[in-house]
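What follows is a short report on a single structure.
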Amino acid sequence: MRKKIVAGNWKMNMDYNEGLSLFSEVINMVKDEVTGSQQAVVCSPFIHLHSLTHLAKGYAKVAVGAQNAHQAESGAYTGEISARMINSVGAEYVILGHSERRQYFGEDNALLAKKTDTALANGLKPIFCIGETLDERNAEKHFDVIKSQLAEGVFHLDEAHFSKLVIAYEPVWAIGTGVTASSAQAQEIHAFIRQEIAAKYGQPVADGITILYGGSCNPKNAPELFAQPDIDGGLIGGASLKSRDFVDIVKVFN
Ligand code: PGA
């Protein structure tokens, strides 16, 4: 059985105190209400990470992640945060290649390949995001885009490292727009991703990789999406800022 994960991506929201309150609510609700073996992951801004990992200590159903990490180990990169720093405060995951990083910060597949290496070398589990834009889908290039994002971003890894990844399929046209991919559209791409992984690393590796769907996922549409055979959970933006909505999505796997 593949691990089921519902990861929240707070993006650049929540000041320190708001974030702590939200996370405390999430932890309490998960403790009381989550009965399955799924994991809730909260990817917060850097400033919250240390406090959140302390609140989550000893409680395996809730993990903490960052939203980005620098590709270098350390050095003269004013204002940046390294993978080692993130690991040192107890965070387990890091989102890499989110479409907002690709779009607004010019992150391309070659850079993301380096970031993935550095994150893995420092004990983090990357949640590696891929997905096509609306123009690419309209031009029927979505399979090609996904194929090259995988090939150039993560297929340089050896099997042991690749197996530590979580992949998140997030069609850019569905992020923050209220438009969700239909469960059939999402399943089609997830199956394609798994097929590409199988072709590269073999079926057992492909069968073990958790593949999340992201893009306007909410408590209403999550049950149908997560019922698809190749969708193993979600990467949740807007709905992760409300504890009730986020935990209701986590509970889809109860
Ligand atoms: P959204 O964001 O749920 O607000 O669409 C998803 C994401 O960007 O990860």
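All residue names refer to the structure tokens as shown: chains lettered A, B, ... in order, residues numbered from 1 in each chain, ligands numbered from 1 in order.
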What lies within 9 Å of Phe23 of chain A using only C-alpha atoms, ignoring chain neighbours under 5 positions off, as a PyMOL selection string? chain A and resi 18+28+42+52+55-56+243
Selected residues, C-alpha atoms, written as a PDB file, in the first residue's frame, please.
```pdb
ATOM      1  CA  GLU A  18      -1.675  33.025  13.408  1.00  0.00           C
ATOM      2  CA  ASN A  28      -5.880  18.635  17.887  1.00  0.00           C
ATOM      3  CA  VAL A  42       1.938  21.257   6.876  1.00  0.00           C
ATOM      4  CA  LEU A  52       5.678  23.640  14.419  1.00  0.00           C
ATOM      5  CA  LEU A  55       4.300  21.068  18.542  1.00  0.00           C
ATOM      6  CA  ALA A  56       4.203  17.961  16.325  1.00  0.00           C
ATOM      7  CA  SER A 243      -8.205  24.000  10.013  1.00  0.00           C
TER       8      SER A 243
END
```
How close does each residue of chain A get to ligand 1, giving the shortest atom pair and distance in Å to one decimal for every residue with an atom at most 9 Å away, counting only C-alpha atoms and all ligand atoms, sorted by chain and residue number, as a Markdown table?
```
| residue | atom | partner | partner_atom_place_in_ligand_line | distance |
| --- | --- | --- | --- | --- |
| A:Ala7 | CA | ligand 1 | 9 (O) | 8.6 |
| A:Gly8 | CA | ligand 1 | 9 (O) | 7.5 |
| A:Asn9 | CA | ligand 1 | 9 (O) | 5.6 |
| A:Trp10 | CA | ligand 1 | 9 (O) | 8.4 |
| A:Lys11 | CA | ligand 1 | 8 (O) | 7.8 |
| A:His98 | CA | ligand 1 | 8 (O) | 7.0 |
| A:Ser99 | CA | ligand 1 | 8 (O) | 7.4 |
| A:Glu100 | CA | ligand 1 | 8 (O) | 7.5 |
| A:Cys129 | CA | ligand 1 | 9 (O) | 8.5 |
| A:Ala168 | CA | ligand 1 | 9 (O) | 8.5 |
| A:Glu170 | CA | ligand 1 | 9 (O) | 7.0 |
| A:Val172 | CA | ligand 1 | 8 (O) | 8.2 |
| A:Trp173 | CA | ligand 1 | 5 (O) | 8.9 |
| A:Ala174 | CA | ligand 1 | 5 (O) | 6.0 |
| A:Ile175 | CA | ligand 1 | 5 (O) | 3.4 |
| A:Gly176 | CA | ligand 1 | 5 (O) | 3.5 |
| A:Thr177 | CA | ligand 1 | 5 (O) | 6.2 |
| A:Gly178 | CA | ligand 1 | 5 (O) | 6.8 |
| A:Val179 | CA | ligand 1 | 5 (O) | 8.2 |
| A:Thr180 | CA | ligand 1 | 5 (O) | 8.0 |
| A:Tyr213 | CA | ligand 1 | 9 (O) | 8.7 |
| A:Gly214 | CA | ligand 1 | 6 (C) | 5.0 |
| A:Gly215 | CA | ligand 1 | 5 (O) | 3.7 |
| A:Ser216 | CA | ligand 1 | 5 (O) | 3.5 |
| A:Cys217 | CA | ligand 1 | 3 (O) | 5.2 |
| A:Asn218 | CA | ligand 1 | 3 (O) | 7.3 |
| A:Gly234 | CA | ligand 1 | 9 (O) | 8.5 |
| A:Leu235 | CA | ligand 1 | 9 (O) | 5.0 |
| A:Ile236 | CA | ligand 1 | 3 (O) | 4.2 |
| A:Gly237 | CA | ligand 1 | 2 (O) | 3.4 |
| A:Gly238 | CA | ligand 1 | 4 (O) | 3.8 |
| A:Ala239 | CA | ligand 1 | 3 (O) | 6.1 |
| A:Ser240 | CA | ligand 1 | 3 (O) | 7.6 |
```
Pull N, CA, C and O atoms from the residues just selected and write them as a compact mmCIF listing (two decimals), in the first residue's frame.
```txt
# COMPACT_ATOMS: atom_id res chain seq x y z
N ALA A 7 -1.03 17.25 2.07
CA ALA A 7 -0.07 18.29 2.45
C ALA A 7 -0.71 19.66 2.26
O ALA A 7 -1.31 19.93 1.22
N GLY A 8 -0.58 20.50 3.25
CA GLY A 8 -1.05 21.88 3.15
C GLY A 8 0.11 22.78 2.76
O GLY A 8 1.22 22.62 3.26
N ASN A 9 -0.16 23.69 1.86
CA ASN A 9 0.85 24.67 1.44
C ASN A 9 0.31 26.05 1.81
O ASN A 9 -0.56 26.58 1.14
N TRP A 10 0.82 26.58 2.92
CA TRP A 10 0.31 27.88 3.39
C TRP A 10 0.74 29.03 2.49
O TRP A 10 0.22 30.12 2.60
N LYS A 11 1.72 28.81 1.63
CA LYS A 11 2.29 29.88 0.80
C LYS A 11 2.72 31.05 1.71
O LYS A 11 3.13 30.81 2.84
N HIS A 98 7.30 24.21 -7.12
CA HIS A 98 5.92 24.70 -7.19
C HIS A 98 5.80 25.66 -8.37
O HIS A 98 6.73 26.41 -8.67
N SER A 99 4.65 25.67 -9.03
CA SER A 99 4.50 26.49 -10.24
C SER A 99 4.73 27.97 -9.95
O SER A 99 5.17 28.71 -10.83
N GLU A 100 4.43 28.39 -8.71
CA GLU A 100 4.71 29.81 -8.40
C GLU A 100 6.21 30.09 -8.34
O GLU A 100 6.66 31.18 -8.69
N CYS A 129 6.89 19.23 -7.53
CA CYS A 129 5.67 19.64 -8.24
C CYS A 129 5.90 19.73 -9.75
O CYS A 129 6.91 20.27 -10.21
N ALA A 168 3.92 15.75 -6.90
CA ALA A 168 2.62 16.44 -6.87
C ALA A 168 2.30 16.93 -8.27
O ALA A 168 3.06 17.71 -8.85
N GLU A 170 0.16 19.31 -10.28
CA GLU A 170 -0.66 20.50 -10.07
C GLU A 170 -0.82 21.23 -11.40
O GLU A 170 0.08 22.00 -11.80
N VAL A 172 -1.40 24.08 -13.62
CA VAL A 172 -1.27 25.50 -13.24
C VAL A 172 -2.62 26.21 -13.34
O VAL A 172 -2.95 27.06 -12.51
N TRP A 173 -3.43 25.80 -14.31
CA TRP A 173 -4.74 26.43 -14.51
C TRP A 173 -5.73 26.12 -13.39
O TRP A 173 -6.79 26.73 -13.29
N ALA A 174 -5.39 25.19 -12.52
CA ALA A 174 -6.30 24.83 -11.42
C ALA A 174 -5.86 25.42 -10.08
O ALA A 174 -6.59 25.32 -9.10
N ILE A 175 -4.68 26.03 -10.05
CA ILE A 175 -4.15 26.51 -8.77
C ILE A 175 -4.75 27.86 -8.41
O ILE A 175 -4.58 28.84 -9.13
N GLY A 176 -5.46 27.88 -7.30
CA GLY A 176 -6.02 29.13 -6.78
C GLY A 176 -7.10 29.73 -7.67
O GLY A 176 -7.48 30.89 -7.48
N THR A 177 -7.62 28.96 -8.60
CA THR A 177 -8.60 29.50 -9.55
C THR A 177 -10.02 29.05 -9.24
O THR A 177 -10.98 29.58 -9.79
N GLY A 178 -10.16 28.05 -8.37
CA GLY A 178 -11.48 27.48 -8.12
C GLY A 178 -11.88 26.47 -9.19
O GLY A 178 -12.90 25.81 -9.08
N VAL A 179 -11.06 26.35 -10.24
CA VAL A 179 -11.32 25.35 -11.28
C VAL A 179 -10.47 24.12 -10.94
O VAL A 179 -9.25 24.21 -10.90
N THR A 180 -11.11 23.01 -10.70
CA THR A 180 -10.36 21.78 -10.40
C THR A 180 -10.28 20.94 -11.67
O THR A 180 -11.21 20.96 -12.48
N TYR A 213 -2.43 15.14 -5.94
CA TYR A 213 -3.08 16.09 -6.85
C TYR A 213 -3.19 17.44 -6.13
O TYR A 213 -3.54 17.50 -4.95
N GLY A 214 -2.93 18.52 -6.85
CA GLY A 214 -3.10 19.85 -6.27
C GLY A 214 -3.75 20.79 -7.26
O GLY A 214 -3.52 20.71 -8.48
N GLY A 215 -4.56 21.72 -6.74
CA GLY A 215 -5.23 22.70 -7.58
C GLY A 215 -6.70 22.79 -7.21
O GLY A 215 -7.50 21.95 -7.63
N SER A 216 -7.02 23.80 -6.37
CA SER A 216 -8.41 24.03 -5.94
C SER A 216 -9.07 22.79 -5.34
O SER A 216 -10.26 22.54 -5.54
N CYS A 217 -8.28 22.04 -4.61
CA CYS A 217 -8.81 20.87 -3.91
C CYS A 217 -9.51 21.34 -2.64
O CYS A 217 -8.99 22.21 -1.94
N ASN A 218 -10.68 20.79 -2.35
CA ASN A 218 -11.43 21.21 -1.15
C ASN A 218 -12.19 20.01 -0.58
O ASN A 218 -12.16 18.93 -1.16
N GLY A 234 -3.36 14.86 -1.62
CA GLY A 234 -3.45 16.18 -2.21
C GLY A 234 -2.41 17.16 -1.69
O GLY A 234 -1.84 16.97 -0.61
N LEU A 235 -2.16 18.18 -2.50
CA LEU A 235 -1.38 19.34 -2.06
C LEU A 235 -2.38 20.50 -2.06
O LEU A 235 -2.92 20.86 -3.12
N ILE A 236 -2.61 21.03 -0.87
CA ILE A 236 -3.76 21.91 -0.65
C ILE A 236 -3.28 23.32 -0.34
O ILE A 236 -2.56 23.52 0.64
N GLY A 237 -3.68 24.29 -1.14
CA GLY A 237 -3.32 25.68 -0.89
C GLY A 237 -4.37 26.36 -0.03
O GLY A 237 -4.39 26.24 1.19
N GLY A 238 -5.28 27.07 -0.68
CA GLY A 238 -6.29 27.88 0.02
C GLY A 238 -6.99 27.15 1.15
O GLY A 238 -7.11 27.69 2.26
N ALA A 239 -7.42 25.93 0.91
CA ALA A 239 -8.19 25.21 1.93
C ALA A 239 -7.34 24.78 3.12
O ALA A 239 -7.88 24.38 4.16
N SER A 240 -6.01 24.88 3.01
CA SER A 240 -5.17 24.50 4.16
C SER A 240 -5.07 25.63 5.18
O SER A 240 -4.51 25.45 6.26
```
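Within 12 Å of Gly79 of chain A, once only C-alpha atoms are used and residues closer than 5 positions along the same chain are dropped, the contacting residues are A:Phe46, A:Ala69, A:His70, A:Ser74.
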Those in segment 90-194 of chain A with strand (DSSP E) from DSSP, as an mmCIF file with N, CA and C atoms, in the first residue's frame:
```cif
data_model
loop_
_atom_site.group_PDB
_atom_site.id
_atom_site.type_symbol
_atom_site.label_atom_id
_atom_site.label_comp_id
_atom_site.auth_asym_id
_atom_site.auth_seq_id
_atom_site.Cartn_x
_atom_site.Cartn_y
_atom_site.Cartn_z
ATOM 1 N N TYR A 93 9.870 17.467 5.178
ATOM 2 C CA TYR A 93 9.575 17.624 3.753
ATOM 3 C C TYR A 93 10.004 18.997 3.251
ATOM 4 N N VAL A 94 10.113 19.114 1.931
ATOM 5 C CA VAL A 94 10.267 20.435 1.303
ATOM 6 C C VAL A 94 9.573 20.394 -0.066
ATOM 7 N N ILE A 95 8.721 21.371 -0.301
ATOM 8 C CA ILE A 95 8.108 21.498 -1.627
ATOM 9 C C ILE A 95 9.161 22.054 -2.576
ATOM 10 N N LEU A 96 9.343 21.425 -3.721
ATOM 11 C CA LEU A 96 10.268 21.952 -4.737
ATOM 12 C C LEU A 96 9.541 22.047 -6.073
ATOM 13 N N LYS A 125 12.639 15.131 2.430
ATOM 14 C CA LYS A 125 11.862 14.448 1.391
ATOM 15 C C LYS A 125 11.216 15.509 0.506
ATOM 16 N N PRO A 126 11.658 15.627 -0.738
ATOM 17 C CA PRO A 126 11.053 16.629 -1.620
ATOM 18 C C PRO A 126 9.632 16.236 -2.040
ATOM 19 N N ILE A 127 8.739 17.223 -2.025
ATOM 20 C CA ILE A 127 7.434 17.091 -2.683
ATOM 21 C C ILE A 127 7.621 17.836 -3.996
ATOM 22 N N PHE A 128 7.876 17.078 -5.059
ATOM 23 C CA PHE A 128 8.311 17.675 -6.323
ATOM 24 C C PHE A 128 7.095 17.941 -7.204
ATOM 25 N N CYS A 129 6.891 19.233 -7.526
ATOM 26 C CA CYS A 129 5.673 19.636 -8.239
ATOM 27 C C CYS A 129 5.900 19.727 -9.751
ATOM 28 N N ILE A 130 4.936 19.200 -10.482
ATOM 29 C CA ILE A 130 4.941 19.299 -11.934
ATOM 30 C C ILE A 130 3.529 19.648 -12.395
ATOM 31 N N VAL A 166 8.056 12.496 -3.105
ATOM 32 C CA VAL A 166 6.617 12.545 -3.324
ATOM 33 C C VAL A 166 6.455 13.415 -4.572
ATOM 34 N N ILE A 167 5.619 12.992 -5.505
ATOM 35 C CA ILE A 167 5.366 13.796 -6.703
ATOM 36 C C ILE A 167 4.006 14.478 -6.527
ATOM 37 N N ALA A 168 3.921 15.746 -6.900
ATOM 38 C CA ALA A 168 2.618 16.437 -6.865
ATOM 39 C C ALA A 168 2.296 16.932 -8.268
ATOM 40 N N TYR A 169 1.172 16.449 -8.809
ATOM 41 C CA TYR A 169 0.689 16.970 -10.096
ATOM 42 C C TYR A 169 -0.253 18.127 -9.823
#
```
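Using only C-alpha atoms for every distance, the candidate list A:Cys43, A:Leu120, A:Ala151, A:Val145 yields A:Cys43 as the residue closest to Met14 of chain A.
Of the residues under consideration (A:Pro229, A:Gly90, A:Gly153, A:Gly208), A:Pro229 shows the shortest atom-to-atom contact distance to Ala184 of chain A when counting only C-alpha atoms.
Contact shell of His156 of chain A at 12 Å (only C-alpha atoms; same-chain neighbours under 5 positions omitted): Asn109, Ala110, Leu112, Ala113, Lys114, Thr116, Asp117, Ser148, Gln149, Leu150, Ala151, His161, Phe162, Ile197, Lys200 and Tyr201 of chain A.
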Using DSSP on the backbone, list every residue of segment 32-193 of chain A that comes out as alpha helix (DSSP H), and give them as a PyMOL selection string. chain A and resi 32-33+46-56+83-88+99-104+109-121+134-138+142-153+159-162+183-193
